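Below is target_21.txt, holding compact mmCIF, N, CA and C atoms.
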# COMPACT_ATOMS: atom_id res chain seq x y z
N GLU O 26 102.09 -42.46 -118.64
CA GLU O 26 102.36 -43.33 -117.52
C GLU O 26 102.94 -42.54 -116.34
N HIS O 27 103.95 -41.67 -116.61
CA HIS O 27 104.52 -40.86 -115.53
C HIS O 27 103.47 -39.93 -114.94
N ARG O 28 102.59 -39.41 -115.80
CA ARG O 28 101.57 -38.49 -115.32
C ARG O 28 100.65 -39.18 -114.31
N ALA O 29 100.21 -40.39 -114.63
CA ALA O 29 99.33 -41.13 -113.72
C ALA O 29 100.04 -41.41 -112.41
N GLU O 30 101.30 -41.79 -112.46
CA GLU O 30 102.05 -42.04 -111.24
C GLU O 30 102.21 -40.77 -110.42
N GLY O 31 102.47 -39.66 -111.10
CA GLY O 31 102.62 -38.39 -110.40
C GLY O 31 101.33 -37.95 -109.74
N VAL O 32 100.20 -38.17 -110.42
CA VAL O 32 98.91 -37.81 -109.84
C VAL O 32 98.64 -38.68 -108.61
N ARG O 33 98.95 -39.97 -108.70
CA ARG O 33 98.78 -40.85 -107.53
C ARG O 33 99.68 -40.39 -106.39
N ALA O 34 100.92 -40.03 -106.71
CA ALA O 34 101.86 -39.57 -105.69
C ALA O 34 101.35 -38.28 -105.04
N ALA O 35 100.82 -37.36 -105.84
CA ALA O 35 100.28 -36.11 -105.30
C ALA O 35 99.09 -36.39 -104.40
N GLY O 36 98.29 -37.40 -104.75
CA GLY O 36 97.14 -37.78 -103.93
C GLY O 36 97.53 -38.32 -102.57
N LEU O 37 98.75 -38.80 -102.45
CA LEU O 37 99.24 -39.34 -101.17
C LEU O 37 99.95 -38.30 -100.33
N LEU O 38 100.04 -37.07 -100.82
CA LEU O 38 100.81 -36.04 -100.12
C LEU O 38 100.32 -35.81 -98.69
N ARG O 39 99.02 -35.73 -98.50
CA ARG O 39 98.49 -35.49 -97.15
C ARG O 39 98.90 -36.62 -96.19
N ASP O 40 98.73 -37.87 -96.64
CA ASP O 40 99.11 -39.00 -95.80
C ASP O 40 100.62 -39.06 -95.58
N ASP O 41 101.39 -38.66 -96.59
CA ASP O 41 102.84 -38.62 -96.44
C ASP O 41 103.25 -37.58 -95.40
N LEU O 42 102.66 -36.39 -95.48
CA LEU O 42 102.99 -35.35 -94.51
C LEU O 42 102.52 -35.71 -93.10
N ALA O 43 101.46 -36.51 -93.00
CA ALA O 43 100.96 -36.95 -91.69
C ALA O 43 101.76 -38.14 -91.17
N GLU O 44 102.77 -38.58 -91.91
CA GLU O 44 103.63 -39.71 -91.57
C GLU O 44 102.84 -41.00 -91.41
N GLU O 45 101.77 -41.13 -92.20
CA GLU O 45 101.00 -42.37 -92.20
C GLU O 45 101.48 -43.31 -93.32
N VAL O 46 102.00 -42.74 -94.39
CA VAL O 46 102.61 -43.51 -95.47
C VAL O 46 103.90 -42.79 -95.85
N MET O 47 104.70 -43.46 -96.67
CA MET O 47 105.94 -42.83 -97.12
C MET O 47 105.94 -42.78 -98.64
N LEU O 48 105.99 -41.58 -99.18
CA LEU O 48 105.99 -41.40 -100.62
C LEU O 48 107.23 -42.07 -101.23
N GLY O 49 108.36 -41.88 -100.61
CA GLY O 49 109.59 -42.54 -101.05
C GLY O 49 110.07 -42.06 -102.40
N ASP O 50 111.17 -42.63 -102.83
CA ASP O 50 111.80 -42.21 -104.09
C ASP O 50 110.92 -42.47 -105.30
N SER O 51 110.23 -43.60 -105.34
CA SER O 51 109.45 -43.90 -106.54
C SER O 51 108.32 -42.89 -106.72
N GLY O 52 107.63 -42.54 -105.68
CA GLY O 52 106.56 -41.54 -105.78
C GLY O 52 107.11 -40.15 -106.02
N ALA O 53 108.20 -39.82 -105.34
CA ALA O 53 108.81 -38.50 -105.52
C ALA O 53 109.35 -38.35 -106.94
N ASN O 54 109.95 -39.41 -107.47
CA ASN O 54 110.47 -39.34 -108.84
C ASN O 54 109.34 -39.17 -109.84
N ALA O 55 108.23 -39.89 -109.64
CA ALA O 55 107.09 -39.77 -110.55
C ALA O 55 106.50 -38.36 -110.48
N LEU O 56 106.36 -37.84 -109.27
CA LEU O 56 105.83 -36.50 -109.11
C LEU O 56 106.77 -35.47 -109.75
N GLY O 57 108.07 -35.65 -109.57
CA GLY O 57 109.06 -34.77 -110.19
C GLY O 57 109.01 -34.83 -111.70
N ALA O 58 108.78 -36.03 -112.24
CA ALA O 58 108.68 -36.17 -113.70
C ALA O 58 107.47 -35.41 -114.23
N VAL O 59 106.35 -35.53 -113.54
CA VAL O 59 105.14 -34.81 -113.97
C VAL O 59 105.37 -33.31 -113.92
N LEU O 60 105.97 -32.83 -112.83
CA LEU O 60 106.24 -31.39 -112.72
C LEU O 60 107.22 -30.94 -113.80
N GLY O 61 108.24 -31.75 -114.07
CA GLY O 61 109.21 -31.40 -115.10
C GLY O 61 108.60 -31.33 -116.49
N VAL O 62 107.76 -32.30 -116.81
CA VAL O 62 107.09 -32.30 -118.11
C VAL O 62 106.15 -31.10 -118.22
N ALA O 63 105.42 -30.81 -117.14
CA ALA O 63 104.50 -29.66 -117.15
C ALA O 63 105.28 -28.37 -117.35
N LEU O 64 106.42 -28.24 -116.68
CA LEU O 64 107.24 -27.04 -116.84
C LEU O 64 107.77 -26.93 -118.27
N ALA O 65 108.25 -28.04 -118.80
CA ALA O 65 108.79 -28.03 -120.16
C ALA O 65 107.72 -27.67 -121.18
N ALA O 66 106.50 -28.12 -120.93
CA ALA O 66 105.41 -27.84 -121.87
C ALA O 66 104.95 -26.39 -121.81
N ARG O 67 105.20 -25.73 -120.70
CA ARG O 67 104.68 -24.37 -120.50
C ARG O 67 105.73 -23.27 -120.68
N THR O 68 106.98 -23.65 -120.87
CA THR O 68 108.03 -22.63 -121.05
C THR O 68 108.70 -22.85 -122.39
N GLY O 69 109.33 -21.82 -122.86
CA GLY O 69 110.06 -21.90 -124.11
C GLY O 69 111.49 -22.36 -123.86
N PRO O 70 112.30 -22.35 -124.89
CA PRO O 70 113.70 -22.79 -124.75
C PRO O 70 114.48 -21.98 -123.71
N LEU O 71 114.21 -20.69 -123.63
CA LEU O 71 114.92 -19.85 -122.66
C LEU O 71 114.54 -20.24 -121.23
N GLY O 72 113.26 -20.47 -120.98
CA GLY O 72 112.80 -20.89 -119.65
C GLY O 72 113.38 -22.24 -119.26
N ARG O 73 113.39 -23.18 -120.21
CA ARG O 73 113.96 -24.51 -119.92
C ARG O 73 115.45 -24.41 -119.65
N ALA O 74 116.16 -23.56 -120.39
CA ALA O 74 117.59 -23.37 -120.17
C ALA O 74 117.85 -22.76 -118.79
N GLY O 75 116.99 -21.83 -118.38
CA GLY O 75 117.12 -21.23 -117.06
C GLY O 75 116.92 -22.24 -115.95
N VAL O 76 115.90 -23.06 -116.09
CA VAL O 76 115.65 -24.10 -115.09
C VAL O 76 116.81 -25.09 -115.05
N LEU O 77 117.31 -25.47 -116.22
CA LEU O 77 118.45 -26.38 -116.28
C LEU O 77 119.67 -25.78 -115.58
N ALA O 78 119.90 -24.49 -115.80
CA ALA O 78 121.04 -23.83 -115.16
C ALA O 78 120.89 -23.82 -113.64
N VAL O 79 119.68 -23.54 -113.17
CA VAL O 79 119.44 -23.53 -111.71
C VAL O 79 119.65 -24.93 -111.14
N LEU O 80 119.09 -25.94 -111.79
CA LEU O 80 119.25 -27.31 -111.30
C LEU O 80 120.70 -27.77 -111.33
N ALA O 81 121.42 -27.41 -112.39
CA ALA O 81 122.84 -27.77 -112.48
C ALA O 81 123.63 -27.06 -111.38
N GLY O 82 123.30 -25.80 -111.13
CA GLY O 82 123.98 -25.06 -110.06
C GLY O 82 123.72 -25.66 -108.69
N LEU O 83 122.46 -26.03 -108.44
CA LEU O 83 122.14 -26.66 -107.15
C LEU O 83 122.83 -28.01 -107.00
N THR O 84 122.89 -28.76 -108.08
CA THR O 84 123.57 -30.06 -108.03
C THR O 84 125.05 -29.88 -107.73
N ALA O 85 125.69 -28.90 -108.40
CA ALA O 85 127.11 -28.63 -108.14
C ALA O 85 127.32 -28.15 -106.71
N ALA O 86 126.43 -27.28 -106.23
CA ALA O 86 126.55 -26.78 -104.86
C ALA O 86 126.39 -27.90 -103.83
N SER O 87 125.56 -28.89 -104.15
CA SER O 87 125.32 -29.98 -103.20
C SER O 87 126.56 -30.83 -102.97
N GLU O 88 127.54 -30.73 -103.86
CA GLU O 88 128.79 -31.45 -103.68
C GLU O 88 129.67 -30.78 -102.62
N LYS O 89 129.45 -29.51 -102.37
CA LYS O 89 130.28 -28.76 -101.42
C LYS O 89 129.54 -28.36 -100.15
N VAL O 90 128.21 -28.21 -100.23
CA VAL O 90 127.42 -27.67 -99.13
C VAL O 90 126.36 -28.68 -98.73
N SER O 91 126.18 -28.87 -97.44
CA SER O 91 125.11 -29.73 -96.95
C SER O 91 123.80 -28.94 -96.95
N PHE O 92 122.86 -29.33 -97.82
CA PHE O 92 121.58 -28.64 -97.86
C PHE O 92 120.83 -28.84 -96.55
N THR O 93 121.02 -29.98 -95.90
CA THR O 93 120.38 -30.23 -94.61
C THR O 93 120.82 -29.19 -93.60
N SER O 94 122.11 -28.89 -93.54
CA SER O 94 122.58 -27.89 -92.58
C SER O 94 122.10 -26.49 -92.95
N VAL O 95 122.04 -26.19 -94.24
CA VAL O 95 121.51 -24.89 -94.67
C VAL O 95 120.05 -24.76 -94.26
N ILE O 96 119.27 -25.80 -94.47
CA ILE O 96 117.85 -25.78 -94.10
C ILE O 96 117.70 -25.58 -92.60
N GLN O 97 118.50 -26.28 -91.82
CA GLN O 97 118.39 -26.17 -90.36
C GLN O 97 118.80 -24.80 -89.85
N ARG O 98 119.70 -24.11 -90.54
CA ARG O 98 120.16 -22.78 -90.11
C ARG O 98 119.27 -21.65 -90.61
N THR O 99 118.37 -21.93 -91.55
CA THR O 99 117.54 -20.89 -92.17
C THR O 99 116.11 -21.00 -91.67
N PRO O 100 115.66 -20.01 -90.86
CA PRO O 100 114.34 -20.12 -90.23
C PRO O 100 113.19 -20.46 -91.17
N GLY O 101 113.02 -19.77 -92.27
CA GLY O 101 111.90 -20.06 -93.17
C GLY O 101 111.96 -21.47 -93.75
N LEU O 102 113.16 -21.88 -94.16
CA LEU O 102 113.32 -23.22 -94.72
C LEU O 102 113.12 -24.29 -93.65
N ARG O 103 113.60 -24.01 -92.43
CA ARG O 103 113.45 -24.98 -91.34
C ARG O 103 111.97 -25.24 -91.05
N GLU O 104 111.16 -24.18 -91.00
CA GLU O 104 109.73 -24.35 -90.75
C GLU O 104 109.04 -25.07 -91.90
N LEU O 105 109.43 -24.72 -93.13
CA LEU O 105 108.85 -25.41 -94.29
C LEU O 105 109.20 -26.90 -94.27
N ASP O 106 110.44 -27.21 -93.93
CA ASP O 106 110.88 -28.60 -93.87
C ASP O 106 110.15 -29.36 -92.76
N ALA O 107 109.76 -28.67 -91.70
CA ALA O 107 109.10 -29.32 -90.56
C ALA O 107 107.61 -29.54 -90.79
N LEU O 108 107.04 -28.98 -91.86
CA LEU O 108 105.61 -29.15 -92.12
C LEU O 108 105.26 -30.63 -92.18
N GLY O 109 104.26 -31.01 -91.42
CA GLY O 109 103.78 -32.38 -91.44
C GLY O 109 104.59 -33.35 -90.63
N ARG O 110 105.68 -32.91 -90.05
CA ARG O 110 106.49 -33.83 -89.22
C ARG O 110 105.95 -33.87 -87.82
N ARG O 111 105.98 -35.04 -87.25
CA ARG O 111 105.56 -35.19 -85.86
C ARG O 111 106.67 -34.71 -84.94
N ALA O 112 106.27 -34.15 -83.82
CA ALA O 112 107.26 -33.71 -82.83
C ALA O 112 107.94 -34.94 -82.24
N ASP O 113 109.22 -34.80 -81.95
CA ASP O 113 109.96 -35.94 -81.35
C ASP O 113 109.53 -36.20 -79.94

Output the structure of this file as structure tokens.
Amino acid sequence: EHRAEGVRAAGLLRDDLAEEVMLGDSGANALGAVLGVALAARTGPLGRAGVLAVLAGLTAASEKVSFTSVIQRTPGLRELDALGRRAD
């Protein structure tokens, strides 16, 4: 079920980036679930532990640091974040 939702969400990516539709949390969560299951299926326990450590670290960092401000201050991340956005 999550896989089908994730595939549908991925199919809407172009329209989402063109700001014609909004993927929103439900589509993003489904897509994240599909990616997470795919990663878990393709890595061993050490790989899964590494990913868990990275995600836990990012979650802890998000309590102290604004990722939005980091993205805006970092040229490569700023351009990546701007992909598909319409100019103001």

Quick one: pick out all helix (DSSP H, G or I) residues within chain O from a backbone DSSP run and write them as a ChimeraX atom specification. /O:27-36,38-42,49-67,70-87,92-98,100-107

What is the distance between atom N of Glu45 (chain O) and atom C of Arg110 (chain O), in Å to one decimal? 9.5 Å

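Note that the spacing between atom C of Ala63 (chain O) and atom N of Val76 (chain O) amounts to 11.9 Å.
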
Quick one: distance from CA of Ala107 (chain O) to CA of Phe92 (chain O) in Å, one decimal?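 We find that CA of Ala107 (chain O) and CA of Phe92 (chain O) lie 14.5 Å from each other.
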